[in-house]
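Data block below; observations after.
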Amino acid sequence: MSDPVISAKDLTVRYQIGHGLLTQKSYLNAVDGVTIEIDKGSFFGLVGESGSGKTTLGRALLKAAPISEGEVIYQDNQVRYDLRKLSKEQLKDYRKRAQLIFQDPYAALSPRMTVRDIIAEPLEVMGLTKTREETDTRVREIAASCRLNLEHLRRFPHAFSGGQRQRISIARALVSGPRFVVADESVAALDVSIQADVLNLLKSIQRDMGISFLFISHDLSVVAHVCDHVAVMYLGQLIETAPTRSLFARPRHPYTKALLSAIPSLDPDDRGNTEKLEGEIPSPTSPPPGCKFNTRCKFAQDRCRKEVPPLREMAPDHFTACHFAEEFDFTRAQDDAPGLETA
């Protein structure tokens with residue numbers, strides 16, 4: 001039985017991009033009818049090409065992007081919020097419960113504040129502590145959890161490397177005691193060796209604190225290492241979602257298979273069989289009819305150009321939006337799925 005901390009049903013985020021006397025009104029569906037559930041204490045991965053709507057979906061789940069249609073429900077213990085109907089006080093409380101880790105650790109921190117003040121700022125703004133001593137105690141506790149020592153708290157961000165800055169950003173996100181955290185490409189700007197350190201830190205925090213993570217990334221090898229469940233997004237829609245091992249072992253959608261084939265092999269003699277996707281992602285302002293992937297799919301047929309495929313359960317907890325998913329055999333050998341042995 002699933003126990004979601006946050007769930008969305010038919011979620012749509014729409015922006016008006018054309019208006020005025022000489023320009024016809026037009027709209028862009030950055031997120032288009034997404035249904036998703038993130039269980040309590042899980043590490044949920046969201047992948048896709050740039051421009052697929054991953055960040056907008058994460059922002060909508062944080063109530064940081066306008067929800068045009070559908071519903072988003074946050075539920076933890078006795079607290080239940082419908083994000084489209086939050087009062088001012090409820091929104092203030094939700095900000096304590098849902099936080100964001102930014103992508104760029106260099107731009108996310110104020111150069112004029114010490115690390116102590118950066119981490120303490122959410123406590124002071126949200127009124128979570130009443131005295132400076134109480135604030136300092138909480139800052140030291142969360143800094144220790146993120147592998148920062150007391151000497152680090154006295155310094156300014158320019159004195160730290162990228163990995164250390166990201167640990168400061170993580171500490172700031174966790175200091176309010178959130179139950180749901182969106183990590184938006186939070187290791188993309190870091191070197192590979194530093195990425196591993198930050199990922200292991202996030203994973204240990206998830207285990208120790210029971211926090212639910214939405215981990216947004218374009219790197220599937222990273223997702224395989226840390227995530228329990230993965231959703232694949234294309235042009236604002238989820239086209240496949242499954243437990244990590246199931247998705248990597250047997251992808252059910254041609255787009256997912258193409259993404260997985262692009263993961264580089266550790267074997268220098270393995271030339272691989274990368275599948276090249278022809279063409280560019282269609283404009284979200286004028287998406288193609290039917291399946292949005294039909295303009296780049298080598299398996300597309302007339303039905304794909306006319307009917308929108310629904311998400312169907314092809315295996316236990318494995319859903320795919322493809323009319324002909326039963327006809328594909330994309331089984332991957334275990335050795336072809338890097339990172340799964342440590343997932």
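The chains in the structure tokens are called A, B, ... from first to last as shown; in each chain the residues are counted from 1, and the ligands are counted from 1 in the order shown.
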Within 8 Å of region 28-31 of chain A, which residues of region 147-241 of chain A come that close, and what is the closest atom pair and distance in Å for each? Count only C-alpha atoms and give it as JSON lines.
```
{"residue": "A:Leu235", "atom": "CA", "partner": "A:Ala30", "partner_atom": "CA", "distance": 7.5}
{"residue": "A:Gly236", "atom": "CA", "partner": "A:Val31", "partner_atom": "CA", "distance": 4.2}
{"residue": "A:Gln237", "atom": "CA", "partner": "A:Val31", "partner_atom": "CA", "distance": 6.4}
```
Env of Pro157 (chain A): 8 Å cut, atoms = only C-alpha atoms, seq-sep filter 3 positions within chain, self excluded. Answer as a ChimeraX atom specification. /A:109-111,113-115,160,165
Minimum-distance residue to Glu275 (chain A), chosen among A:Pro66, A:Gly45, A:Pro254, A:Gly210 (using only C-alpha atoms):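 Selected residue with least distance to Glu275 (chain A): A:Pro254.
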Can you pull out the residues contacting Ala242 (chain A)? Cut-off 6 Å, using only C-alpha atoms, and skip same-chain residues under 2 positions away; I want them as a ChimeraX atom specification. /A:229-230,247,317-318
Residue selection dump (N, CA, C and O atoms) as an mmCIF file, in the first residue's frame:
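This went into part_39.cif:
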```
data_model
loop_
_atom_site.group_PDB
_atom_site.id
_atom_site.type_symbol
_atom_site.label_atom_id
_atom_site.label_comp_id
_atom_site.auth_asym_id
_atom_site.auth_seq_id
_atom_site.Cartn_x
_atom_site.Cartn_y
_atom_site.Cartn_z
ATOM 1 N N HIS A 229 12.558 5.026 -7.019
ATOM 2 C CA HIS A 229 11.522 5.049 -8.055
ATOM 3 C C HIS A 229 11.895 6.141 -9.046
ATOM 4 O O HIS A 229 12.471 7.158 -8.664
ATOM 5 N N VAL A 230 11.577 5.935 -10.323
ATOM 6 C CA VAL A 230 11.959 6.891 -11.364
ATOM 7 C C VAL A 230 10.767 7.180 -12.259
ATOM 8 O O VAL A 230 10.012 6.272 -12.625
ATOM 9 N N LEU A 247 12.758 -0.247 -14.154
ATOM 10 C CA LEU A 247 12.909 0.653 -15.290
ATOM 11 C C LEU A 247 14.221 0.414 -16.020
ATOM 12 O O LEU A 247 14.262 0.381 -17.261
ATOM 13 N N ASP A 317 3.517 -1.909 -10.613
ATOM 14 C CA ASP A 317 3.960 -0.537 -10.328
ATOM 15 C C ASP A 317 4.796 0.051 -11.466
ATOM 16 O O ASP A 317 5.522 1.029 -11.262
ATOM 17 N N HIS A 318 4.692 -0.522 -12.665
ATOM 18 C CA HIS A 318 5.449 -0.041 -13.827
ATOM 19 C C HIS A 318 4.439 0.439 -14.875
ATOM 20 O O HIS A 318 3.739 -0.373 -15.482
#
```
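Excluding Leu238 (chain A) and any residue on its chain fewer than 3 positions from it, the residues at most 10 Å away by only C-alpha atoms are Val31, Asp32, Gly33, Val34, Thr35, Ile36, Leu46, Val47, Gly48, Ser52, Gly53, Lys54, Ala231, Val232, Met233, Tyr234, Leu235, Thr241, Pro310, Leu311, Phe319, Thr320 and Ala321 of chain A.
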Contacts of Ala64 (chain A) within 12 Å, only C-alpha atoms, excl. fewer than 6 positions in-chain, as a list in words: Val13, Thr55, Thr56, Leu57, Gly58, Leu83, Arg84, Leu91, Tyr94, Arg95, Ala98, Gln99, Leu100 and Val182 of chain A
Record the distance separating CA of Ile101 (chain A) and CA of Leu128 (chain A), expressed in Å with one decimal.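 Answer for the CA of Ile101 (chain A) to CA of Leu128 (chain A) separation: 19.7 Å.
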As a ChimeraX atom specification, please: every residue in region 86-252 of chain A that a backbone DSSP assignment puts in strand (DSSP E or B). /A:98-101,180-184,212-217,229-234,237-243
Could you take the residues named above and write them with N, CA, C and O atoms, as a short mmCIF file (atom, residue, chain, number, x, y, z; two decimals), in the first residue's frame?
```
data_model
loop_
_atom_site.label_atom_id
_atom_site.label_comp_id
_atom_site.auth_asym_id
_atom_site.auth_seq_id
_atom_site.Cartn_x
_atom_site.Cartn_y
_atom_site.Cartn_z
N ALA A 98 8.12 21.87 3.23
CA ALA A 98 8.59 21.56 1.88
C ALA A 98 9.67 22.57 1.49
O ALA A 98 9.44 23.78 1.53
N GLN A 99 10.84 22.06 1.12
CA GLN A 99 11.98 22.92 0.84
C GLN A 99 12.65 22.53 -0.48
O GLN A 99 12.38 21.46 -1.05
N LEU A 100 13.55 23.40 -0.95
CA LEU A 100 14.22 23.23 -2.24
C LEU A 100 15.72 23.33 -2.06
O LEU A 100 16.21 24.22 -1.36
N ILE A 101 16.45 22.42 -2.71
CA ILE A 101 17.91 22.52 -2.83
C ILE A 101 18.21 22.97 -4.24
O ILE A 101 17.85 22.29 -5.21
N PHE A 180 9.42 17.07 2.99
CA PHE A 180 9.50 16.88 1.54
C PHE A 180 10.51 17.88 0.99
O PHE A 180 10.43 19.08 1.27
N VAL A 181 11.49 17.39 0.21
CA VAL A 181 12.55 18.24 -0.34
C VAL A 181 12.68 17.97 -1.83
O VAL A 181 12.74 16.82 -2.26
N VAL A 182 12.73 19.04 -2.62
CA VAL A 182 13.00 18.94 -4.05
C VAL A 182 14.46 19.29 -4.28
O VAL A 182 14.90 20.40 -3.93
N ALA A 183 15.22 18.35 -4.82
CA ALA A 183 16.63 18.58 -5.16
C ALA A 183 16.71 18.73 -6.67
O ALA A 183 16.66 17.75 -7.41
N ASP A 184 16.81 19.98 -7.14
CA ASP A 184 16.75 20.28 -8.57
C ASP A 184 18.16 20.32 -9.16
O ASP A 184 18.86 21.32 -9.02
N SER A 212 11.29 12.72 2.42
CA SER A 212 10.98 12.31 1.04
C SER A 212 11.66 13.29 0.08
O SER A 212 11.52 14.51 0.23
N PHE A 213 12.38 12.76 -0.91
CA PHE A 213 13.09 13.58 -1.88
C PHE A 213 12.49 13.42 -3.27
O PHE A 213 12.18 12.29 -3.69
N LEU A 214 12.33 14.53 -3.98
CA LEU A 214 12.12 14.51 -5.41
C LEU A 214 13.44 14.95 -6.02
O LEU A 214 13.83 16.12 -5.92
N PHE A 215 14.14 14.01 -6.65
CA PHE A 215 15.48 14.26 -7.18
C PHE A 215 15.39 14.46 -8.69
O PHE A 215 15.14 13.51 -9.44
N ILE A 216 15.55 15.70 -9.13
CA ILE A 216 15.44 16.04 -10.55
C ILE A 216 16.83 15.98 -11.17
O ILE A 216 17.78 16.59 -10.66
N SER A 217 16.97 15.25 -12.27
CA SER A 217 18.28 15.10 -12.89
C SER A 217 18.14 14.72 -14.37
O SER A 217 17.09 14.22 -14.80
N HIS A 229 12.56 5.03 -7.02
CA HIS A 229 11.52 5.05 -8.05
C HIS A 229 11.90 6.14 -9.05
O HIS A 229 12.47 7.16 -8.66
N VAL A 230 11.58 5.93 -10.32
CA VAL A 230 11.96 6.89 -11.36
C VAL A 230 10.77 7.18 -12.26
O VAL A 230 10.01 6.27 -12.63
N ALA A 231 10.60 8.47 -12.60
CA ALA A 231 9.61 8.88 -13.59
C ALA A 231 10.32 9.59 -14.73
O ALA A 231 11.26 10.37 -14.50
N VAL A 232 9.90 9.30 -15.96
CA VAL A 232 10.50 9.89 -17.15
C VAL A 232 9.52 10.91 -17.73
O VAL A 232 8.34 10.58 -17.95
N MET A 233 10.00 12.11 -17.99
CA MET A 233 9.13 13.20 -18.44
C MET A 233 9.53 13.64 -19.84
O MET A 233 10.72 13.72 -20.18
N TYR A 234 8.52 13.92 -20.66
CA TYR A 234 8.79 14.40 -22.02
C TYR A 234 7.72 15.42 -22.40
O TYR A 234 6.53 15.13 -22.37
N GLN A 237 4.76 15.87 -19.99
CA GLN A 237 3.98 14.71 -19.58
C GLN A 237 4.88 13.60 -19.06
O GLN A 237 6.03 13.46 -19.50
N LEU A 238 4.36 12.78 -18.13
CA LEU A 238 5.06 11.58 -17.70
C LEU A 238 4.77 10.48 -18.71
O LEU A 238 3.61 10.19 -19.01
N ILE A 239 5.83 9.88 -19.25
CA ILE A 239 5.62 8.82 -20.24
C ILE A 239 5.99 7.44 -19.69
O ILE A 239 5.64 6.43 -20.29
N GLU A 240 6.70 7.40 -18.56
CA GLU A 240 6.99 6.11 -17.92
C GLU A 240 7.37 6.36 -16.47
O GLU A 240 8.07 7.32 -16.15
N THR A 241 6.89 5.48 -15.60
CA THR A 241 7.25 5.56 -14.19
C THR A 241 7.29 4.14 -13.63
O THR A 241 6.41 3.32 -13.93
N ALA A 242 8.33 3.86 -12.84
CA ALA A 242 8.53 2.49 -12.36
C ALA A 242 9.57 2.48 -11.25
O ALA A 242 10.33 3.44 -11.09
N PRO A 243 9.63 1.39 -10.45
CA PRO A 243 10.76 1.23 -9.54
C PRO A 243 12.06 1.24 -10.33
O PRO A 243 12.10 0.79 -11.49
#
```
Provide the CA of Asp93 (chain A) to CA of Arg167 (chain A) distance in Å, to one decimal place.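 Pair CA of Asp93 (chain A) / CA of Arg167 (chain A) returns 24.4 Å.
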Skip Lys203 (chain A) itself and residues of its chain fewer than 6 positions away, then list as a PyMOL selection string all residues within 12 Å of it, counting only C-alpha atoms. chain A and resi 41-44+146+183+196-197+209-213+215+222-223+225-228+342-343
Counting only C-alpha atoms, which residue out of A:Ser87, A:Gln24, A:Thr137, A:Ser145 sits closest to Asp208 (chain A)?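 Distance minimum relative to Asp208 (chain A) lands on A:Ser145.
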Could you state the separation of CA of Asn149 (chain A) and CA of Gly162 (chain A) in Å, given to one decimal place? 16.5 Å
Which of region 152-297 of chain A counts as alpha helix (DSSP H) under DSSP, as a PDB file with C-alpha atoms, in the first residue's frame please?
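Everything below was put into out14.pdb:
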```
ATOM      1  CA  HIS A 152      32.913  26.502   8.909  1.00  0.00           C
ATOM      2  CA  LEU A 153      30.033  28.447  10.486  1.00  0.00           C
ATOM      3  CA  GLY A 162      31.545  23.718  -4.713  1.00  0.00           C
ATOM      4  CA  GLY A 163      30.877  20.548  -2.730  1.00  0.00           C
ATOM      5  CA  GLN A 164      31.143  22.373   0.598  1.00  0.00           C
ATOM      6  CA  ARG A 165      28.814  25.115  -0.647  1.00  0.00           C
ATOM      7  CA  GLN A 166      26.277  22.514  -1.662  1.00  0.00           C
ATOM      8  CA  ARG A 167      26.420  21.017   1.830  1.00  0.00           C
ATOM      9  CA  ILE A 168      25.677  24.504   3.172  1.00  0.00           C
ATOM     10  CA  SER A 169      22.678  24.734   0.821  1.00  0.00           C
ATOM     11  CA  ILE A 170      21.479  21.326   2.007  1.00  0.00           C
ATOM     12  CA  ALA A 171      21.813  22.404   5.653  1.00  0.00           C
ATOM     13  CA  ARG A 172      19.792  25.555   4.961  1.00  0.00           C
ATOM     14  CA  ALA A 173      17.043  23.482   3.301  1.00  0.00           C
ATOM     15  CA  LEU A 174      16.901  20.998   6.192  1.00  0.00           C
ATOM     16  CA  VAL A 192      32.189  13.648 -10.353  1.00  0.00           C
ATOM     17  CA  SER A 193      34.083  12.829  -7.145  1.00  0.00           C
ATOM     18  CA  ILE A 194      32.239  15.593  -5.277  1.00  0.00           C
ATOM     19  CA  GLN A 195      28.929  14.413  -6.739  1.00  0.00           C
ATOM     20  CA  ALA A 196      29.381  11.040  -5.056  1.00  0.00           C
ATOM     21  CA  ASP A 197      30.033  12.686  -1.688  1.00  0.00           C
ATOM     22  CA  VAL A 198      26.910  14.890  -1.919  1.00  0.00           C
ATOM     23  CA  LEU A 199      24.738  12.002  -3.145  1.00  0.00           C
ATOM     24  CA  ASN A 200      25.850   9.795  -0.274  1.00  0.00           C
ATOM     25  CA  LEU A 201      25.067  12.658   2.108  1.00  0.00           C
ATOM     26  CA  LEU A 202      21.539  13.043   0.690  1.00  0.00           C
ATOM     27  CA  LYS A 203      20.961   9.302   0.889  1.00  0.00           C
ATOM     28  CA  SER A 204      22.093   9.136   4.530  1.00  0.00           C
ATOM     29  CA  ILE A 205      19.843  12.110   5.386  1.00  0.00           C
ATOM     30  CA  GLN A 206      16.918  10.344   3.758  1.00  0.00           C
ATOM     31  CA  ARG A 207      17.520   7.209   5.814  1.00  0.00           C
ATOM     32  CA  ASP A 208      18.203   8.992   9.122  1.00  0.00           C
ATOM     33  CA  MET A 209      15.502  11.664   8.973  1.00  0.00           C
ATOM     34  CA  LEU A 220      20.429   8.493 -15.361  1.00  0.00           C
ATOM     35  CA  SER A 221      23.551   6.914 -13.885  1.00  0.00           C
ATOM     36  CA  VAL A 222      23.174   9.223 -10.876  1.00  0.00           C
ATOM     37  CA  VAL A 223      19.465   8.409 -10.620  1.00  0.00           C
ATOM     38  CA  ALA A 224      20.245   4.684 -10.667  1.00  0.00           C
ATOM     39  CA  HIS A 225      22.605   5.135  -7.736  1.00  0.00           C
ATOM     40  CA  VAL A 226      20.269   6.904  -5.317  1.00  0.00           C
ATOM     41  CA  THR A 244      14.368   1.959 -10.460  1.00  0.00           C
ATOM     42  CA  ARG A 245      15.453  -1.645 -10.945  1.00  0.00           C
ATOM     43  CA  SER A 246      12.427  -2.430 -13.114  1.00  0.00           C
ATOM     44  CA  LEU A 247      12.909   0.653 -15.290  1.00  0.00           C
ATOM     45  CA  PHE A 248      16.596   0.032 -15.904  1.00  0.00           C
ATOM     46  CA  ALA A 249      16.189  -3.710 -16.429  1.00  0.00           C
ATOM     47  CA  PRO A 254      11.178   3.994 -26.795  1.00  0.00           C
ATOM     48  CA  TYR A 255      12.159   7.358 -25.316  1.00  0.00           C
ATOM     49  CA  THR A 256      13.269   5.756 -22.038  1.00  0.00           C
ATOM     50  CA  LYS A 257      15.261   3.173 -23.985  1.00  0.00           C
ATOM     51  CA  ALA A 258      17.015   5.938 -25.927  1.00  0.00           C
ATOM     52  CA  LEU A 259      17.928   7.765 -22.716  1.00  0.00           C
ATOM     53  CA  LEU A 260      19.304   4.587 -21.136  1.00  0.00           C
ATOM     54  CA  SER A 261      21.321   3.728 -24.219  1.00  0.00           C
TER      55      SER A 261
END
```
Pick from A:Glu89, A:Tyr15, A:Ile118, A:Ala108: nearest to Ser68 (chain A), with only C-alpha atoms counted?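 Nearest candidate to Ser68 (chain A) out of A:Glu89, A:Tyr15, A:Ile118, A:Ala108: A:Tyr15.
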